[in-house]
Every structure is written in structure tokens, then in C-alpha cells.
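Q: The structure is given below, and queries will be raised subsequently.
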Amino acid sequence: MKKINGDIKSFLSQIGLTSTEITLYVTGLQFGSQTTAEIAKRAGIKRTTAHSALCSLEQKGLVGLHIQTGVNKYTMKDPNLIERSFVEKIDELKNKQLDFINLLPLFDKISTQNSIATEVFAYNGFDGVKTVIDTALYCASRKWKIISPTRNFFSESGKEYSDYFIKIRKQRGIRARSLWESSFLKKRTISQTAFEFREPRIIPKALEGKFSNTIIIFDNSVAFINSYDESSAVLIKSIEISNTMEVFFDGLWASSKLIPRRNISK
């Protein structure tokens with residue numbers, strides 16, 4: 001029972017309940033309708049403190065107040081309502097996301113009007129690199145041109161971050177033109193869907209092993225992401241530099257090779 005209560009309390013804390021609110025809610029679930037004095041005594045909390053916390057729980061939709069024989073009593077609402085609140089919040093966030101997407105052109109216009117010709121940002125450490133990658137993941141165009149060596153930050157940063165990266169990339173629908181080294185495909189296949197979204201090609205053999213960092217070109221910006229061992233990155237925001245890098249990329253793309261069909265799974 002202690003383990004179960006521990007898991008419940010940990011979860012309720014994550015969704016924003018205070019320790020007092022958690023104690024009252026869990027106590028209330030065990031004993032049903034109670035007065036403020038009753039639930040405060042069972043929970044081991046001062047009555048005035050309990051009253052304030054119960055009012056807060058009522059506002060959050062987790063407590064119902066009713067009058068029974070002239071006495072105010074509190075009843076903890078069904079925990080399933082917590083799930084319903086998640087659904088409502090998800091729907092609300094989706095609507096806000098759609099509103100934001102519609103407003104993005106206006107934000108872009110403001111950014112363009114106030115932009116500096118060239119901005120350079122340097123980041124160090126794992127979190128710094130993630131900031132640069134998130135900037136690329138949430139690009140307005142949802143299109144990348146990417147050069148990625150076989151050993152790179154993504155492949156060596158661990159499963160947890162790799163799963164996060166793949167998840168957000170899918171959610172955002174990022175489409176790319178990707179240049180890989182041939183060694184990346186050894187004993188490896190990619191799905192047809194991944195192939196269509198990433199459009200991978202193999203760089204010329206003479207360039208194999210020449211790239212030590214990942215380069216992502218997007219939204220008039222270029223990100224240089226160093227290896228996991230170095231854990232650093234540089235983000236350059238410049239129309240002219242990104243255009244130059246695109247010329248460089250397109251030249252490599254034209255001289256690259258399609259990946260063999262045997263490396264694409266159905």
C-alpha cells in the first residue's frame with residue numbers, strides 16, 4: 001500500500017498539486033464524504049490549512065462540496081476525471097497550436113523586419129546542443145537539408161534523447177534531403193516511410209570520413225552540431241550564409257548516389 005500511495009503522490013505532484021492537497025485528496029478517497037474538521041484530523045493537517053487546500057482542490061475540479069443535514073462536506077471526485085481533464089487540456093492545446101500556426105506568417109514578418117543581417121550563437125554542453133536541435137525541429141518551413149556523418153550527436157546521445165528526437169521530428173512532419181556516409185548503411189535498413197521523409201543519398205566516396213559534425217540548413221539558418229564527445233554547437237542566422245551553404249549542399253546532392261533498394265524495408 002505504501003508503494004501504491006507513493007506512486008500516486010508522485011504523479012499528483014507532477015500535475016501541480018501541493019503536498020497538502022495531495023494528502024487531503026488521497027485521504028478523502030479512502031474515507032468518502034467528510035467535513036473539513038474530519039478530513040483535517042485524518043490527514044494530520046491543521047483545519048485552517050486544510051480548508052484553504054480543499055478550496056483549491058475544488059477550483060481544480062477534484063473536490064465536490066455539498067451540504068448534508070446543514071453541514072458542509074467534501075467528497076473527492078472520481079480519479080477518472082483527472083484523465084478527462086488531460087483530454088480537455090490536449091484539445092485546448094491543439095486548438096492553440098492551430099491558432100499559432102495561422103499566426104506564424106505574422107511573427108515571421110515581424111522577425112524579418114527587425115532581424116540583424118547575421119547572428120551567430122555558440123552553445124556548449126548537452127543542453128546547449130539540444131537547444132540548437134530544438135530550434136531546427138521547430139523551424140517554420142519544416143524542411144531540412146542535412147549532412148550527417150555515421151558517428152554523430154544523435155547516434156551517440158543515448159536512447160532516451162534519440163526517442164525524443166524521432167518523436168518530435170515525426171510530430172512536426174520534418175521533411176529532409178539527407179546526405180549520409182556509406183558506412184551508415186552497413187547492416188542497416190530504413191523503412192519506406194522514413195526514406196520518403198528523409199530522402200537519403202550517399203556522399204561521394206572521396207568525402208567519406210571527412211565530416212566530423214552534422215550540418216542542418218533550415219529557415220535561413222545553418223546549425224553545426226559537433227560530436228557527442230565535444231557536445232557543442234553553433235547556430236548561424238544569415239540569409240546569405242544559408243544560401244551559400246545550400247549551393248554547397250546542392251552540389252554534393254547532385255554528385256551523390258541513391259541508397260541501394262536492399263537497404264529500404266517495406
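Please note that chains go A, B, ... in the order of the C-alpha cells, that every chain numbers its residues from 1, and that ligands are numbered from 1 in the order shown.
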So that I can see what lies close to Arg175 of chain A, please list as an MDAnalysis selection string the residues with an atom at most 8 Å from it, counting only C-alpha atoms and leaving out residues fewer than 4 positions away in the same chain.
A: chainID A and resid 142:144 197:198
Q: Which residues are near Asp219 of chain A? Cut-off 8 Å, only C-alpha atoms, ignore same chain within fewer than 4 positions. Put them as JSON, numbers by chain.
A: {"A": [139, 140, 141]}
Q: I'd like the contact shell of Ile22 of chain A - 8 Å cut-off, only C-alpha atoms, skipping same-chain residues fewer than 3 positions apart - returned as an MDAnalysis selection string.
A: chainID A and resid 9 12:13 17:19 25:26
Q: Near segment 222-239 of chain A, counting only C-alpha atoms, which residues have an atom at most 10 Å away, once you skip same-chain residues fewer than 2 positions from it, shown as a ChimeraX atom specification?
A: /A:115-133,135-136,144-149,151-158,211-220,241-246
Q: Give me a file of those residues, with C-alpha atoms, as a PDB file, in the first residue's frame.
A:
ATOM      1  CA  SER A 115      16.288  40.976 -37.970  1.00  0.00           C
ATOM      2  CA  ILE A 116      20.008  41.661 -37.894  1.00  0.00           C
ATOM      3  CA  ALA A 117      21.930  40.764 -41.050  1.00  0.00           C
ATOM      4  CA  THR A 118      23.884  37.978 -39.325  1.00  0.00           C
ATOM      5  CA  GLU A 119      23.602  36.423 -35.866  1.00  0.00           C
ATOM      6  CA  VAL A 120      25.920  33.758 -34.500  1.00  0.00           C
ATOM      7  CA  PHE A 121      25.174  31.724 -31.370  1.00  0.00           C
ATOM      8  CA  ALA A 122      27.568  29.264 -29.737  1.00  0.00           C
ATOM      9  CA  TYR A 123      26.317  26.570 -27.345  1.00  0.00           C
ATOM     10  CA  ASN A 124      28.206  24.195 -25.086  1.00  0.00           C
ATOM     11  CA  GLY A 125      27.083  21.141 -23.165  1.00  0.00           C
ATOM     12  CA  PHE A 126      24.349  18.591 -23.804  1.00  0.00           C
ATOM     13  CA  ASP A 127      21.502  21.025 -23.037  1.00  0.00           C
ATOM     14  CA  GLY A 128      23.037  23.653 -25.289  1.00  0.00           C
ATOM     15  CA  VAL A 129      23.153  21.245 -28.220  1.00  0.00           C
ATOM     16  CA  LYS A 130      19.539  20.251 -27.546  1.00  0.00           C
ATOM     17  CA  THR A 131      18.572  23.931 -27.766  1.00  0.00           C
ATOM     18  CA  VAL A 132      20.043  24.157 -31.270  1.00  0.00           C
ATOM     19  CA  ILE A 133      18.363  20.913 -32.351  1.00  0.00           C
ATOM     20  CA  THR A 135      15.416  25.307 -32.962  1.00  0.00           C
ATOM     21  CA  ALA A 136      15.795  23.178 -36.084  1.00  0.00           C
ATOM     22  CA  TRP A 144      15.885  20.450 -43.719  1.00  0.00           C
ATOM     23  CA  LYS A 145      18.950  19.897 -45.781  1.00  0.00           C
ATOM     24  CA  ILE A 146      21.231  17.804 -43.611  1.00  0.00           C
ATOM     25  CA  ILE A 147      24.714  16.309 -43.865  1.00  0.00           C
ATOM     26  CA  SER A 148      25.256  13.667 -41.223  1.00  0.00           C
ATOM     27  CA  PRO A 149      28.382  11.571 -40.603  1.00  0.00           C
ATOM     28  CA  ARG A 151      29.171   8.907 -35.899  1.00  0.00           C
ATOM     29  CA  ASN A 152      27.142  11.894 -34.791  1.00  0.00           C
ATOM     30  CA  PHE A 153      25.495  13.506 -31.769  1.00  0.00           C
ATOM     31  CA  PHE A 154      22.154  11.795 -32.444  1.00  0.00           C
ATOM     32  CA  SER A 155      23.551   8.275 -32.718  1.00  0.00           C
ATOM     33  CA  GLU A 156      25.645   8.582 -29.562  1.00  0.00           C
ATOM     34  CA  SER A 157      23.455  10.626 -27.208  1.00  0.00           C
ATOM     35  CA  GLY A 158      21.527   7.626 -25.880  1.00  0.00           C
ATOM     36  CA  PHE A 211      32.763  15.357 -41.966  1.00  0.00           C
ATOM     37  CA  SER A 212      33.110  15.410 -38.183  1.00  0.00           C
ATOM     38  CA  ASN A 213      29.909  17.287 -37.377  1.00  0.00           C
ATOM     39  CA  THR A 214      26.291  17.328 -38.502  1.00  0.00           C
ATOM     40  CA  ILE A 215      25.156  20.277 -40.619  1.00  0.00           C
ATOM     41  CA  ILE A 216      21.475  21.258 -40.828  1.00  0.00           C
ATOM     42  CA  ILE A 217      20.274  24.011 -43.170  1.00  0.00           C
ATOM     43  CA  PHE A 218      16.786  25.430 -42.476  1.00  0.00           C
ATOM     44  CA  ASP A 219      14.852  28.732 -42.403  1.00  0.00           C
ATOM     45  CA  ASN A 220      17.776  30.947 -43.500  1.00  0.00           C
ATOM     46  CA  ILE A 241      25.366  32.260 -45.428  1.00  0.00           C
ATOM     47  CA  SER A 242      22.447  29.835 -45.576  1.00  0.00           C
ATOM     48  CA  ASN A 243      22.098  30.454 -49.320  1.00  0.00           C
ATOM     49  CA  THR A 244      25.817  29.751 -49.781  1.00  0.00           C
ATOM     50  CA  MET A 245      25.541  26.552 -47.732  1.00  0.00           C
ATOM     51  CA  GLU A 246      22.547  25.493 -49.840  1.00  0.00           C
TER      52      GLU A 246
END
Q: So that each row is one residue of segment 72-169 of chain A with an atom at most 9 Å from segment 33-45 of chain A, can you give its shortest atom pair and the distance in Å to one decimal, using only C-alpha atoms, rows by chain and rising number, as a tab-separated table?
A:
residue	atom	partner	partner_atom	distance
A:Asn72	CA	A:Thr35	CA	6.1
A:Lys73	CA	A:Thr35	CA	4.5
A:Tyr74	CA	A:Ser33	CA	5.4
A:Thr75	CA	A:Ser33	CA	4.5
A:Met76	CA	A:Ser33	CA	7.5
Q: Could you please take those selected residues and save C-alpha atoms as an mmCIF file, in the first residue's frame?
A:
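Writing done, so here's result_5.cif:
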data_model
loop_
_atom_site.group_PDB
_atom_site.id
_atom_site.type_symbol
_atom_site.label_atom_id
_atom_site.label_comp_id
_atom_site.auth_asym_id
_atom_site.auth_seq_id
_atom_site.Cartn_x
_atom_site.Cartn_y
_atom_site.Cartn_z
ATOM 1 C CA ASN A 72 -20.640 21.320 4.583
ATOM 2 C CA LYS A 73 -18.980 18.125 3.412
ATOM 3 C CA TYR A 74 -16.280 17.489 0.868
ATOM 4 C CA THR A 75 -16.131 14.497 -1.471
ATOM 5 C CA MET A 76 -13.104 13.687 -3.604
#
Q: Looking only at the backbone, which of the residues in segment 27-111 of chain A does DSSP tag as strand (DSSP E or B), as a list in words?
A: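 Filtering segment 27-111 of chain A down to strand (DSSP E or B) leaves Gln34, Val63, Gly64, Leu65, His66, Ile67, Gln68, Val71, Asn72, Lys73, Tyr74, Thr75 and Met76 of chain A.
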Q: For Ser191 of chain A, list every protein, DNA or RNA residue within 9 Å, evaluated using only C-alpha atoms, and leave out those in the same chain fewer than 4 positions away; present the list as a list in words.
A: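 In the requested format, the answer is Phe195, Glu196, Asn263, Ile264, Ser265 and Lys266 of chain A.
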Q: Taking the DSSP assignment computed from this structure's backbone, write out as JSON, numbers by chain all residues of segment 25-214 of chain A that belong to helix (DSSP H, G or I).
A: {"A": [25, 26, 27, 28, 29, 30, 31, 36, 37, 38, 39, 40, 41, 42, 43, 47, 48, 49, 50, 51, 52, 53, 54, 55, 56, 57, 58, 59, 80, 81, 82, 83, 84, 85, 86, 87, 88, 89, 90, 91, 92, 93, 94, 95, 96, 97, 98, 99, 100, 101, 102, 103, 104, 105, 106, 107, 108, 109, 110, 111, 112, 113, 114, 126, 127, 128, 129, 130, 131, 132, 133, 134, 135, 136, 137, 153, 154, 155, 156, 159, 160, 161, 162, 163, 164, 165, 166, 167, 168, 169, 170, 171, 172, 182, 183, 184, 185, 192, 193, 194, 195, 196, 197, 198, 205, 206, 207]}
Q: Would you write out those residues with C-alpha atoms, as a JSON list (two decimals), in the first residue's frame?
A:
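New file part-v5.json:
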[["chain", "number", "residue", "atom", "x", "y", "z"],
["A", 25, "TYR", "CA", -7.14, 14.11, -1.82],
["A", 26, "VAL", "CA", -5.69, 10.66, -1.05],
["A", 27, "THR", "CA", -7.20, 10.71, 2.45],
["A", 28, "GLY", "CA", -10.56, 11.78, 1.06],
["A", 29, "LEU", "CA", -10.59, 8.92, -1.46],
["A", 30, "GLN", "CA", -10.17, 6.44, 1.41],
["A", 31, "PHE", "CA", -12.89, 7.80, 3.70],
["A", 36, "THR", "CA", -13.25, 19.94, 6.97],
["A", 37, "ALA", "CA", -12.54, 19.01, 10.57],
["A", 38, "GLU", "CA", -12.85, 15.26, 9.88],
["A", 39, "ILE", "CA", -10.59, 15.18, 6.85],
["A", 40, "ALA", "CA", -8.08, 17.52, 8.50],
["A", 41, "LYS", "CA", -7.85, 15.25, 11.56],
["A", 42, "ARG", "CA", -7.41, 12.09, 9.48],
["A", 43, "ALA", "CA", -4.82, 13.77, 7.29],
["A", 47, "ARG", "CA", -8.05, 22.79, 10.00],
["A", 48, "THR", "CA", -7.37, 26.26, 8.58],
["A", 49, "THR", "CA", -4.69, 24.86, 6.27],
["A", 50, "ALA", "CA", -7.00, 22.04, 5.19],
["A", 51, "HIS", "CA", -9.85, 24.46, 4.44],
["A", 52, "SER", "CA", -7.63, 26.54, 2.13],
["A", 53, "ALA", "CA", -6.30, 23.45, 0.34],
["A", 54, "LEU", "CA", -9.80, 21.98, -0.08],
["A", 55, "CYS", "CA", -10.96, 25.23, -1.71],
["A", 56, "SER", "CA", -8.01, 24.97, -4.09],
["A", 57, "LEU", "CA", -8.85, 21.34, -4.91],
["A", 58, "GLU", "CA", -12.45, 22.40, -5.57],
["A", 59, "GLN", "CA", -11.24, 25.01, -8.06],
["A", 80, "ASN", "CA", -11.05, 9.16, -13.86],
["A", 81, "LEU", "CA", -11.88, 12.86, -14.05],
["A", 82, "ILE", "CA", -8.15, 13.55, -14.00],
["A", 83, "GLU", "CA", -7.84, 11.71, -17.30],
["A", 84, "ARG", "CA", -10.77, 13.68, -18.71],
["A", 85, "SER", "CA", -9.02, 16.91, -17.73],
["A", 86, "PHE", "CA", -5.97, 15.73, -19.69],
["A", 87, "VAL", "CA", -8.13, 15.16, -22.77],
["A", 88, "GLU", "CA", -9.63, 18.63, -22.41],
["A", 89, "LYS", "CA", -6.20, 20.22, -22.00],
["A", 90, "ILE", "CA", -4.87, 18.31, -25.02],
["A", 91, "ASP", "CA", -7.80, 19.55, -27.13],
["A", 92, "GLU", "CA", -7.23, 23.08, -25.85],
["A", 93, "LEU", "CA", -3.52, 22.91, -26.69],
["A", 94, "LYS", "CA", -4.28, 21.55, -30.17],
["A", 95, "ASN", "CA", -6.61, 24.49, -30.81],
["A", 96, "LYS", "CA", -3.94, 26.91, -29.58],
["A", 97, "GLN", "CA", -1.40, 25.20, -31.81],
["A", 98, "LEU", "CA", -3.65, 25.68, -34.85],
["A", 99, "ASP", "CA", -4.16, 29.34, -33.93],
["A", 100, "PHE", "CA", -0.41, 29.77, -33.57],
["A", 101, "ILE", "CA", 0.28, 28.11, -36.94],
["A", 102, "ASN", "CA", -2.13, 30.58, -38.55],
["A", 103, "LEU", "CA", -0.31, 33.47, -36.87],
["A", 104, "LEU", "CA", 3.18, 32.29, -37.78],
["A", 105, "PRO", "CA", 3.34, 34.34, -41.02],
["A", 106, "LEU", "CA", 2.76, 37.49, -38.93],
["A", 107, "PHE", "CA", 5.52, 36.51, -36.47],
["A", 108, "ASP", "CA", 7.85, 35.80, -39.40],
["A", 109, "LYS", "CA", 7.07, 39.22, -40.86],
["A", 110, "ILE", "CA", 7.91, 40.92, -37.56],
["A", 111, "SER", "CA", 11.11, 38.89, -37.23],
["A", 112, "THR", "CA", 12.16, 39.79, -40.77],
["A", 113, "GLN", "CA", 11.56, 43.49, -40.22],
["A", 114, "ASN", "CA", 13.66, 43.54, -37.05],
["A", 126, "PHE", "CA", 24.35, 18.59, -23.80],
["A", 127, "ASP", "CA", 21.50, 21.03, -23.04],
["A", 128, "GLY", "CA", 23.04, 23.65, -25.29],
["A", 129, "VAL", "CA", 23.15, 21.24, -28.22],
["A", 130, "LYS", "CA", 19.54, 20.25, -27.55],
["A", 131, "THR", "CA", 18.57, 23.93, -27.77],
["A", 132, "VAL", "CA", 20.04, 24.16, -31.27],
["A", 133, "ILE", "CA", 18.36, 20.91, -32.35],
["A", 134, "ASP", "CA", 15.01, 22.10, -30.96],
["A", 135, "THR", "CA", 15.42, 25.31, -32.96],
["A", 136, "ALA", "CA", 15.79, 23.18, -36.08],
["A", 137, "LEU", "CA", 12.94, 20.84, -35.13],
["A", 153, "PHE", "CA", 25.50, 13.51, -31.77],
["A", 154, "PHE", "CA", 22.15, 11.80, -32.44],
["A", 155, "SER", "CA", 23.55, 8.28, -32.72],
["A", 156, "GLU", "CA", 25.64, 8.58, -29.56],
["A", 159, "LYS", "CA", 18.14, 6.03, -26.48],
["A", 160, "GLU", "CA", 16.13, 8.49, -24.37],
["A", 161, "TYR", "CA", 17.18, 11.52, -26.40],
["A", 162, "SER", "CA", 17.10, 9.59, -29.67],
["A", 163, "ASP", "CA", 13.47, 8.59, -28.98],
["A", 164, "TYR", "CA", 12.60, 12.21, -28.13],
["A", 165, "PHE", "CA", 14.22, 13.48, -31.32],
["A", 166, "ILE", "CA", 12.43, 10.93, -33.52],
["A", 167, "LYS", "CA", 9.10, 11.63, -31.79],
["A", 168, "ILE", "CA", 9.25, 15.41, -32.27],
["A", 169, "ARG", "CA", 10.53, 15.07, -35.81],
["A", 170, "LYS", "CA", 7.54, 12.87, -36.68],
["A", 171, "GLN", "CA", 5.09, 15.16, -34.89],
["A", 172, "ARG", "CA", 6.43, 18.17, -36.74],
["A", 182, "SER", "CA", 28.07, 4.77, -46.99],
["A", 183, "SER", "CA", 29.26, 3.26, -43.67],
["A", 184, "PHE", "CA", 25.97, 4.35, -42.09],
["A", 185, "LEU", "CA", 24.12, 1.73, -44.15],
["A", 192, "GLN", "CA", 9.85, 3.20, -46.79],
["A", 193, "THR", "CA", 8.18, 5.98, -44.78],
["A", 194, "ALA", "CA", 11.49, 7.11, -43.28],
["A", 195, "PHE", "CA", 13.04, 7.01, -46.75],
["A", 196, "GLU", "CA", 10.31, 9.27, -48.14],
["A", 197, "PHE", "CA", 10.67, 11.80, -45.31],
["A", 198, "ARG", "CA", 14.47, 11.82, -45.23],
["A", 205, "LYS", "CA", 33.47, 8.05, -51.63],
["A", 206, "ALA", "CA", 36.25, 10.66, -51.63],
["A", 207, "LEU", "CA", 34.38, 12.54, -48.87]]
Q: Please, what distance in Å, to one decimal, runs between atom CA of Ile174 of chain A and atom CA of Ile259 of chain A?
A: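 About the pair atom CA of Ile174 of chain A and atom CA of Ile259 of chain A: they are 20.1 Å apart.
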Q: Between atom CA of Gly32 of chain A and atom CA of Ile67 of chain A, what is the distance in Å, rounded to a tenth?
A: 14.1 Å
Q: At what distance in Å, to one decimal, does atom CA of Glu21 of chain A lie from atom CA of Gln68 of chain A?
A: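 Interatomic distance here is 22.8 Å.
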